2 protein chains.
Amino acid sequence: MTGRDGDTEAKILDAAHVVFMRSGTAGARMQEIADEAGVNKALLHYYFRSKEKLAEAVFRRTAGEFFPRVFGVLASGLPLEEKVRAVVAGDMDFLSRHPYLPAYIISEVHHQPERIVGLMTEFRRVSLDVLQAQLDDGAREGRYRPIRAEQAVLNLVAMIVFPFLAGPLVGAVLNLDAADHQALMAERRALIPEFFLNALRP
Amino acid sequence: MTGRDGDTEAKILDAAHVVFMRSGTAGARMQEIADEAGVNKALLHYYFRSKEKLAEAVFRRTAGEFFPRVFGVLASGLPLEEKVRAVVAGDMDFLSRHPYLPAYIISEVHHQPERIVGLMTEFRRVSLDVLQAQLDDGAREGRYRPIRAEQAVLNLVAMIVFPFLAGPLVGAVLNLDAADHQALMAERRALIPEFFLNALRP
DNA sequence: GTCTATAAAGGGATAGAC
DNA sequence: GTCTATCCCTTTATAGAC
């Protein structure tokens, strides 16, 4: 897929990524992955030993390219308003290119909760200290209403990620065609930061 | 589970609900469901013909007890502020009793998008007209800033549902133990309506 | 490293007795 | 209606040639 034709192992990993995201880990078939990679089924076992191990490898890579980016911005020294705009822009950009990623992560985490716990101990743990200080400063100066950083992050990430999770549901429930849906998502890029920052005002 | 011991069909449906929510539809085994129901595997086929049909039945029942309730409140004539509080209280109450339900629905919708489209044509479609009128009135009177009803609903539902979807992830990422997590969720009941309504202010 | 062929187990579905 | 026994296709995994 991403075209690293020289390296068979990477080619298989890319193919597995596509298939696991499409069919879910339990629903995916090793044959399907082999076809997607353009190699024989036996090669998957040669490189990754078992389906379980292959799924683990895909999950680790996928989670690793998603979480650290967000964490980095949140813990950065940017002023809060810029930080919010940066997270929204960065995430929606990334998720537009990988719309099925959140549903995949959620599904994996529900069925294999140990995996994420293990991974999170490897990543540097998210520090909300900087963010909390910014919120507290703002509250003291009367610019923001008091709120815990955990709640703020949860609200912001929810508004960004949920529409991708709900994807097909949103279209069906609100009765939107593909064009309406795309317009809705585009509008959110500007809307979410304003909505969120306005909610923080006293 | 819910204890309708007389009716075998209902007993199987309840068991299937539990197992499908736990393992996902693709990951669930008919034997697992039979064990959970305390009956033989053959009986599942006697009542529901196939795994596919059983999954469909569970999905319809589950979706049917979730969506109409929310839709009803949203389309009701309640004043907007009460409406928001009612949705948050009602949903968080319901979801606290069925924390795995959102992840199950999301997973199903991703792998069988036709199902939800079919179901939504059966439910009376959500009317956002009443809500949009309330938002427009408020904007004209200077009480709210202008916003499309679709975006408002998406933001509200996102803040309510996302933490249940992310469930184990939130705990791992924010490094919370079970008690912290429960406290966080409890705090959200009061926080979400205030946060949301404040975001609407000019 | 990559393939073909095949073993071994899993799991949905049915037949038939009770 | 409910059970036991069994069929048979699917799917993971390995053996062994090239």
# chains A, B, ... in the order shown; residues from 1 in each chain; ligands from 1
>>> interface_residues(of="chain B", to="chain C", cutoff="8 Å", atoms="only C-alpha atoms (C1' of nucleotides)", output="ChimeraX atom specification")
/B:29-30,45,50-51
>>> write_last_selection(atoms="C-alpha atoms", output="short mmCIF file (atom, residue, chain, number, x, y, z; two decimals), in the first residue's frame")
data_model
loop_
_atom_site.label_atom_id
_atom_site.label_comp_id
_atom_site.auth_asym_id
_atom_site.auth_seq_id
_atom_site.Cartn_x
_atom_site.Cartn_y
_atom_site.Cartn_z
CA ARG B 29 -18.84 -17.84 19.45
CA MET B 30 -22.19 -19.55 19.29
CA HIS B 45 -30.21 -22.19 15.50
CA SER B 50 -28.01 -18.40 12.02
CA LYS B 51 -25.43 -16.33 13.87
#
>>> interface_residues(of="chain A", to="chain B", cutoff="8 Å", atoms="only C-alpha atoms", output="PyMOL selection string")
chain A and resi 22-23+26-27+103+106-107+109-111+113+116-117+120+125-126+150-151+154-155+158-159+162-163+165-169+172-175+184+188+195-201
>>> interface_residues(of="chain B", to="chain D", cutoff="9 Å", atoms="only C-alpha atoms (C1' of nucleotides)", output="VMD selection string")
chain B and resid 39 to 40 42 to 43
>>> select_by_dssp(residues="stretch 65-190 of chain A", states="alpha helix (DSSP H)", output="PyMOL selection string")
chain A and resi 65-75+80-97+101-111+113-122+129-140+149-174+178-190
>>> atom_distance(atom1="atom CA of A:Val58", atom2="atom CA of A:Ala10")
10.6 Å
>>> decode(residues="stretch 2-17 of chain C", atoms="N, CA and C atoms (P, O5', C5', C4', C3', O3' and C1' of nucleotides)", output="PDB file, in the first residue's frame")
ATOM      1  P    DT C   2      10.600 -12.454   0.773  1.00  0.00           P
ATOM      2  O5'  DT C   2       9.819 -13.652   0.078  1.00  0.00           O
ATOM      3  C5'  DT C   2      10.118 -13.990  -1.277  1.00  0.00           C
ATOM      4  C4'  DT C   2       9.435 -15.286  -1.650  1.00  0.00           C
ATOM      5  C3'  DT C   2       7.946 -15.360  -1.312  1.00  0.00           C
ATOM      6  O3'  DT C   2       7.182 -15.334  -2.508  1.00  0.00           O
ATOM      7  C1'  DT C   2       9.085 -17.405  -0.849  1.00  0.00           C
ATOM      8  P    DC C   3       5.572 -15.495  -2.427  1.00  0.00           P
ATOM      9  O5'  DC C   3       5.378 -17.061  -2.700  1.00  0.00           O
ATOM     10  C5'  DC C   3       5.537 -17.557  -4.032  1.00  0.00           C
ATOM     11  C4'  DC C   3       5.637 -19.072  -4.009  1.00  0.00           C
ATOM     12  C3'  DC C   3       4.339 -19.799  -3.672  1.00  0.00           C
ATOM     13  O3'  DC C   3       3.622 -20.116  -4.868  1.00  0.00           O
ATOM     14  C1'  DC C   3       6.203 -20.762  -2.508  1.00  0.00           C
ATOM     15  P    DT C   4       2.154 -20.762  -4.680  1.00  0.00           P
ATOM     16  O5'  DT C   4       2.458 -22.289  -4.338  1.00  0.00           O
ATOM     17  C5'  DT C   4       3.212 -23.121  -5.225  1.00  0.00           C
ATOM     18  C4'  DT C   4       3.081 -24.568  -4.783  1.00  0.00           C
ATOM     19  C3'  DT C   4       1.646 -25.062  -4.646  1.00  0.00           C
ATOM     20  O3'  DT C   4       1.567 -26.434  -5.052  1.00  0.00           O
ATOM     21  C1'  DT C   4       2.710 -25.192  -2.547  1.00  0.00           C
ATOM     22  P    DA C   5       0.161 -27.243  -4.987  1.00  0.00           P
ATOM     23  O5'  DA C   5       0.308 -28.075  -3.636  1.00  0.00           O
ATOM     24  C5'  DA C   5       1.546 -28.712  -3.332  1.00  0.00           C
ATOM     25  C4'  DA C   5       1.416 -29.440  -2.008  1.00  0.00           C
ATOM     26  C3'  DA C   5       0.023 -30.039  -1.753  1.00  0.00           C
ATOM     27  O3'  DA C   5       0.176 -31.316  -1.157  1.00  0.00           O
ATOM     28  C1'  DA C   5       0.547 -28.531  -0.023  1.00  0.00           C
ATOM     29  P    DT C   6      -1.125 -32.246  -0.805  1.00  0.00           P
ATOM     30  O5'  DT C   6      -1.166 -32.136   0.777  1.00  0.00           O
ATOM     31  C5'  DT C   6       0.076 -32.149   1.487  1.00  0.00           C
ATOM     32  C4'  DT C   6      -0.193 -31.857   2.950  1.00  0.00           C
ATOM     33  C3'  DT C   6      -1.526 -32.425   3.481  1.00  0.00           C
ATOM     34  O3'  DT C   6      -1.276 -33.013   4.737  1.00  0.00           O
ATOM     35  C1'  DT C   6      -1.365 -30.171   4.032  1.00  0.00           C
ATOM     36  P    DA C   7      -2.181 -34.205   5.300  1.00  0.00           P
ATOM     37  O5'  DA C   7      -1.915 -34.051   6.862  1.00  0.00           O
ATOM     38  C5'  DA C   7      -0.588 -33.725   7.316  1.00  0.00           C
ATOM     39  C4'  DA C   7      -0.678 -32.704   8.434  1.00  0.00           C
ATOM     40  C3'  DA C   7      -1.658 -33.085   9.548  1.00  0.00           C
ATOM     41  O3'  DA C   7      -0.998 -32.910  10.788  1.00  0.00           O
ATOM     42  C1'  DA C   7      -2.106 -30.898   8.790  1.00  0.00           C
ATOM     43  P    DA C   8      -1.529 -33.647  12.077  1.00  0.00           P
ATOM     44  O5'  DA C   8      -2.402 -32.494  12.716  1.00  0.00           O
ATOM     45  C5'  DA C   8      -1.784 -31.239  12.989  1.00  0.00           C
ATOM     46  C4'  DA C   8      -2.821 -30.340  13.593  1.00  0.00           C
ATOM     47  C3'  DA C   8      -3.877 -31.053  14.443  1.00  0.00           C
ATOM     48  O3'  DA C   8      -4.028 -30.307  15.621  1.00  0.00           O
ATOM     49  C1'  DA C   8      -4.923 -29.714  12.803  1.00  0.00           C
ATOM     50  P    DA C   9      -4.905 -30.819  16.825  1.00  0.00           P
ATOM     51  O5'  DA C   9      -5.856 -29.564  17.067  1.00  0.00           O
ATOM     52  C5'  DA C   9      -5.311 -28.259  16.782  1.00  0.00           C
ATOM     53  C4'  DA C   9      -6.420 -27.323  16.465  1.00  0.00           C
ATOM     54  C3'  DA C   9      -7.652 -27.444  17.372  1.00  0.00           C
ATOM     55  O3'  DA C   9      -7.807 -26.196  17.995  1.00  0.00           O
ATOM     56  C1'  DA C   9      -8.283 -27.280  15.079  1.00  0.00           C
ATOM     57  P    DG C  10      -9.069 -25.900  18.954  1.00  0.00           P
ATOM     58  O5'  DG C  10      -9.988 -25.090  17.940  1.00  0.00           O
ATOM     59  C5'  DG C  10      -9.359 -24.082  17.141  1.00  0.00           C
ATOM     60  C4'  DG C  10     -10.432 -23.357  16.374  1.00  0.00           C
ATOM     61  C3'  DG C  10     -11.703 -23.094  17.175  1.00  0.00           C
ATOM     62  O3'  DG C  10     -12.096 -21.753  16.890  1.00  0.00           O
ATOM     63  C1'  DG C  10     -12.232 -24.351  15.215  1.00  0.00           C
ATOM     64  P    DG C  11     -13.246 -21.038  17.735  1.00  0.00           P
ATOM     65  O5'  DG C  11     -14.502 -21.319  16.824  1.00  0.00           O
ATOM     66  C5'  DG C  11     -14.517 -20.776  15.503  1.00  0.00           C
ATOM     67  C4'  DG C  11     -15.762 -21.229  14.800  1.00  0.00           C
ATOM     68  C3'  DG C  11     -17.027 -21.165  15.674  1.00  0.00           C
ATOM     69  O3'  DG C  11     -18.042 -20.580  14.893  1.00  0.00           O
ATOM     70  C1'  DG C  11     -16.826 -23.276  14.697  1.00  0.00           C
ATOM     71  P    DG C  12     -19.311 -19.891  15.529  1.00  0.00           P
ATOM     72  O5'  DG C  12     -20.357 -20.121  14.356  1.00  0.00           O
ATOM     73  C5'  DG C  12     -20.017 -19.664  13.055  1.00  0.00           C
ATOM     74  C4'  DG C  12     -20.748 -20.483  12.021  1.00  0.00           C
ATOM     75  C3'  DG C  12     -22.265 -20.512  12.194  1.00  0.00           C
ATOM     76  O3'  DG C  12     -22.867 -20.366  10.913  1.00  0.00           O
ATOM     77  C1'  DG C  12     -21.405 -22.731  12.217  1.00  0.00           C
ATOM     78  P    DA C  13     -24.464 -20.151  10.861  1.00  0.00           P
ATOM     79  O5'  DA C  13     -24.966 -21.637  10.641  1.00  0.00           O
ATOM     80  C5'  DA C  13     -24.571 -22.306   9.429  1.00  0.00           C
ATOM     81  C4'  DA C  13     -24.973 -23.756   9.516  1.00  0.00           C
ATOM     82  C3'  DA C  13     -26.459 -24.001   9.821  1.00  0.00           C
ATOM     83  O3'  DA C  13     -27.066 -24.554   8.664  1.00  0.00           O
ATOM     84  C1'  DA C  13     -25.026 -25.500  11.016  1.00  0.00           C
ATOM     85  P    DT C  14     -28.657 -24.900   8.701  1.00  0.00           P
ATOM     86  O5'  DT C  14     -28.671 -26.465   8.968  1.00  0.00           O
ATOM     87  C5'  DT C  14     -27.874 -27.295   8.133  1.00  0.00           C
ATOM     88  C4'  DT C  14     -27.972 -28.738   8.587  1.00  0.00           C
ATOM     89  C3'  DT C  14     -29.394 -29.271   8.809  1.00  0.00           C
ATOM     90  O3'  DT C  14     -29.486 -30.523   8.158  1.00  0.00           O
ATOM     91  C1'  DT C  14     -28.055 -29.749  10.667  1.00  0.00           C
ATOM     92  P    DA C  15     -30.941 -31.177   7.928  1.00  0.00           P
ATOM     93  O5'  DA C  15     -30.679 -32.656   8.488  1.00  0.00           O
ATOM     94  C5'  DA C  15     -29.344 -33.150   8.570  1.00  0.00           C
ATOM     95  C4'  DA C  15     -29.337 -34.496   9.293  1.00  0.00           C
ATOM     96  C3'  DA C  15     -30.679 -35.216   9.350  1.00  0.00           C
ATOM     97  O3'  DA C  15     -30.441 -36.624   9.337  1.00  0.00           O
ATOM     98  C1'  DA C  15     -30.008 -34.627  11.541  1.00  0.00           C
ATOM     99  P    DG C  16     -31.710 -37.642   9.256  1.00  0.00           P
ATOM    100  O5'  DG C  16     -31.924 -38.019  10.781  1.00  0.00           O
ATOM    101  C5'  DG C  16     -30.801 -38.424  11.552  1.00  0.00           C
ATOM    102  C4'  DG C  16     -31.231 -38.662  12.981  1.00  0.00           C
ATOM    103  C3'  DG C  16     -32.671 -39.180  13.142  1.00  0.00           C
ATOM    104  O3'  DG C  16     -32.691 -40.084  14.231  1.00  0.00           O
ATOM    105  C1'  DG C  16     -32.449 -37.235  14.356  1.00  0.00           C
ATOM    106  P    DA C  17     -33.991 -41.007  14.527  1.00  0.00           P
ATOM    107  O5'  DA C  17     -33.860 -41.229  16.103  1.00  0.00           O
ATOM    108  C5'  DA C  17     -32.581 -41.549  16.667  1.00  0.00           C
ATOM    109  C4'  DA C  17     -32.549 -41.083  18.112  1.00  0.00           C
ATOM    110  C3'  DA C  17     -33.736 -41.560  18.956  1.00  0.00           C
ATOM    111  O3'  DA C  17     -33.279 -41.937  20.252  1.00  0.00           O
ATOM    112  C1'  DA C  17     -33.645 -39.182  18.968  1.00  0.00           C
TER     113       DA C  17
END
